[in-house]
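Structure first, then comments.
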Amino acid sequence: MHCPHITTSACYLLGALSNGERQEFYRHAADCAECRQGIDDLLPVVLVLWRTRALLGGPDEDDHWPT
Ligand SMILES: [Zn+2]
């Protein structure tokens with residue numbers, strides 16, 4: 001019995017949702033323990049991803065290499 005919205009929690013944390021989708025998921029997660037648990041589980045992973053991206057420099061930085 002897995003919530004079909006559990007994958008949405010990853011998109012939510014990665015900022016990949018539109019405003020409407022984000023609000024919809026936020027409302028759903030308020031009533032869904034599984035999605036809240038999914039957010040708790042994924043949050044450390046997402047933070048590491050963000051930190052790694054900041055350290056390595058994202059694709060935006062590549063455009064600013066001196067030529
Ligand atoms: Zn859910």
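Naming works like this for the structure tokens: A, B, ... for the chains as they're shown, residue 1 at the start of each chain, ligands 1 onward in shown order.
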Residues within 7 Å of ligand 1, counting only C-alpha atoms and all ligand atoms: report them as a list of chain:residue names.
-> A:Cys3, A:Pro4, A:His5, A:Ile6, A:His28, A:Ala29, A:Cys32, A:Ala33, A:Glu34, A:Cys35
Take the residues from that selection and put them in a file with C-alpha atoms, as a compact mmCIF listing (two decimals), in the first residue's frame.
```
# COMPACT_ATOMS: atom_id res chain seq x y z
CA CYS A 3 0.88 6.20 -1.86
CA PRO A 4 1.04 7.09 -5.57
CA HIS A 5 2.20 10.57 -4.57
CA ILE A 6 5.39 9.34 -2.93
CA HIS A 28 -1.98 16.04 0.28
CA ALA A 29 1.10 15.60 2.48
CA CYS A 32 -0.61 11.54 4.24
CA ALA A 33 1.88 10.14 6.76
CA GLU A 34 3.64 8.18 4.01
CA CYS A 35 4.46 11.30 2.01
```
Please identify all polymer residues within 7 Å of range 11-20 of chain A, counting only C-alpha atoms, omitting same-chain residues fewer than 4 positions from it, and present them as a list in words.
->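 Surrounding residues, per the criterion: Thr7, Glu24 and Val46 of chain A.
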For the residues selected in the previous step, produce a file with C-alpha atoms as a compact mmCIF listing (two decimals), in the first residue's frame.
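Once written, again17.txt looks like this:
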```txt
# COMPACT_ATOMS: atom_id res chain seq x y z
CA THR A 7 7.43 10.05 -6.07
CA GLU A 24 -1.62 20.29 -4.29
CA VAL A 46 18.54 16.42 -1.36
```
Backbone DSSP call of alpha helix (DSSP H) for range 2-38 of chain A, listed as a PDB file with N, CA and C atoms, in the first residue's frame:
```pdb
ATOM      1  N   ILE A   6       4.095   9.383  -3.611  1.00  0.00           N
ATOM      2  CA  ILE A   6       5.391   9.338  -2.931  1.00  0.00           C
ATOM      3  C   ILE A   6       6.514   9.827  -3.855  1.00  0.00           C
ATOM      4  N   THR A   7       6.402   9.561  -5.157  1.00  0.00           N
ATOM      5  CA  THR A   7       7.432  10.053  -6.071  1.00  0.00           C
ATOM      6  C   THR A   7       7.356  11.571  -6.218  1.00  0.00           C
ATOM      7  N   THR A   8       6.153  12.123  -5.987  1.00  0.00           N
ATOM      8  CA  THR A   8       5.997  13.569  -6.073  1.00  0.00           C
ATOM      9  C   THR A   8       6.810  14.273  -4.991  1.00  0.00           C
ATOM     10  N   SER A   9       6.996  13.584  -3.857  1.00  0.00           N
ATOM     11  CA  SER A   9       7.749  14.205  -2.777  1.00  0.00           C
ATOM     12  C   SER A   9       9.176  14.510  -3.215  1.00  0.00           C
ATOM     13  N   ALA A  10       9.769  13.650  -4.045  1.00  0.00           N
ATOM     14  CA  ALA A  10      11.121  13.903  -4.547  1.00  0.00           C
ATOM     15  C   ALA A  10      11.128  15.128  -5.452  1.00  0.00           C
ATOM     16  N   CYS A  11      10.151  15.220  -6.349  1.00  0.00           N
ATOM     17  CA  CYS A  11      10.036  16.384  -7.233  1.00  0.00           C
ATOM     18  C   CYS A  11       9.803  17.652  -6.422  1.00  0.00           C
ATOM     19  N   TYR A  12       8.989  17.514  -5.367  1.00  0.00           N
ATOM     20  CA  TYR A  12       8.704  18.646  -4.486  1.00  0.00           C
ATOM     21  C   TYR A  12       9.994  19.160  -3.865  1.00  0.00           C
ATOM     22  N   LEU A  13      10.817  18.229  -3.336  1.00  0.00           N
ATOM     23  CA  LEU A  13      12.049  18.627  -2.662  1.00  0.00           C
ATOM     24  C   LEU A  13      13.063  19.192  -3.649  1.00  0.00           C
ATOM     25  N   ASN A  19       3.831  25.742  -9.315  1.00  0.00           N
ATOM     26  CA  ASN A  19       3.202  26.282  -8.110  1.00  0.00           C
ATOM     27  C   ASN A  19       1.945  25.508  -7.743  1.00  0.00           C
ATOM     28  N   GLY A  20       1.107  25.216  -8.740  1.00  0.00           N
ATOM     29  CA  GLY A  20      -0.137  24.500  -8.498  1.00  0.00           C
ATOM     30  C   GLY A  20       0.122  23.100  -7.973  1.00  0.00           C
ATOM     31  N   GLU A  21       1.086  22.393  -8.600  1.00  0.00           N
ATOM     32  CA  GLU A  21       1.409  21.035  -8.177  1.00  0.00           C
ATOM     33  C   GLU A  21       1.966  21.027  -6.757  1.00  0.00           C
ATOM     34  N   ARG A  22       2.767  22.054  -6.464  1.00  0.00           N
ATOM     35  CA  ARG A  22       3.375  22.131  -5.139  1.00  0.00           C
ATOM     36  C   ARG A  22       2.307  22.316  -4.062  1.00  0.00           C
ATOM     37  N   GLN A  23       1.361  23.213  -4.325  1.00  0.00           N
ATOM     38  CA  GLN A  23       0.280  23.427  -3.361  1.00  0.00           C
ATOM     39  C   GLN A  23      -0.566  22.181  -3.195  1.00  0.00           C
ATOM     40  N   GLU A  24      -0.821  21.506  -4.323  1.00  0.00           N
ATOM     41  CA  GLU A  24      -1.624  20.286  -4.287  1.00  0.00           C
ATOM     42  C   GLU A  24      -0.924  19.219  -3.446  1.00  0.00           C
ATOM     43  N   PHE A  25       0.373  19.071  -3.672  1.00  0.00           N
ATOM     44  CA  PHE A  25       1.114  18.068  -2.922  1.00  0.00           C
ATOM     45  C   PHE A  25       1.206  18.450  -1.446  1.00  0.00           C
ATOM     46  N   TYR A  26       1.380  19.728  -1.179  1.00  0.00           N
ATOM     47  CA  TYR A  26       1.464  20.213   0.198  1.00  0.00           C
ATOM     48  C   TYR A  26       0.197  19.866   0.963  1.00  0.00           C
ATOM     49  N   ARG A  27      -0.969  20.110   0.305  1.00  0.00           N
ATOM     50  CA  ARG A  27      -2.249  19.772   0.932  1.00  0.00           C
ATOM     51  C   ARG A  27      -2.358  18.274   1.155  1.00  0.00           C
ATOM     52  N   HIS A  28      -1.911  17.491   0.155  1.00  0.00           N
ATOM     53  CA  HIS A  28      -1.983  16.040   0.277  1.00  0.00           C
ATOM     54  C   HIS A  28      -1.086  15.556   1.411  1.00  0.00           C
ATOM     55  N   ALA A  29       0.132  16.076   1.487  1.00  0.00           N
ATOM     56  CA  ALA A  29       1.098  15.604   2.480  1.00  0.00           C
ATOM     57  C   ALA A  29       0.630  15.900   3.902  1.00  0.00           C
ATOM     58  N   ALA A  30      -0.213  16.932   4.049  1.00  0.00           N
ATOM     59  CA  ALA A  30      -0.730  17.259   5.378  1.00  0.00           C
ATOM     60  C   ALA A  30      -1.565  16.114   5.934  1.00  0.00           C
ATOM     61  N   ASP A  31      -2.171  15.319   5.035  1.00  0.00           N
ATOM     62  CA  ASP A  31      -3.024  14.209   5.469  1.00  0.00           C
ATOM     63  C   ASP A  31      -2.381  12.849   5.228  1.00  0.00           C
ATOM     64  N   ALA A  33       0.681  10.412   5.960  1.00  0.00           N
ATOM     65  CA  ALA A  33       1.877  10.139   6.764  1.00  0.00           C
ATOM     66  C   ALA A  33       2.996   9.575   5.893  1.00  0.00           C
ATOM     67  N   GLU A  34       2.621   8.814   4.850  1.00  0.00           N
ATOM     68  CA  GLU A  34       3.640   8.183   4.010  1.00  0.00           C
ATOM     69  C   GLU A  34       4.454   9.226   3.243  1.00  0.00           C
ATOM     70  N   CYS A  35       3.767  10.244   2.740  1.00  0.00           N
ATOM     71  CA  CYS A  35       4.463  11.298   2.009  1.00  0.00           C
ATOM     72  C   CYS A  35       5.318  12.154   2.946  1.00  0.00           C
ATOM     73  N   ARG A  36       4.803  12.404   4.157  1.00  0.00           N
ATOM     74  CA  ARG A  36       5.609  13.164   5.118  1.00  0.00           C
ATOM     75  C   ARG A  36       6.872  12.387   5.469  1.00  0.00           C
ATOM     76  N   GLN A  37       6.711  11.048   5.621  1.00  0.00           N
ATOM     77  CA  GLN A  37       7.869  10.205   5.907  1.00  0.00           C
ATOM     78  C   GLN A  37       8.831  10.231   4.720  1.00  0.00           C
ATOM     79  N   GLY A  38       8.265  10.228   3.517  1.00  0.00           N
ATOM     80  CA  GLY A  38       9.106  10.278   2.311  1.00  0.00           C
ATOM     81  C   GLY A  38       9.929  11.554   2.270  1.00  0.00           C
TER      82      GLY A  38
END
```
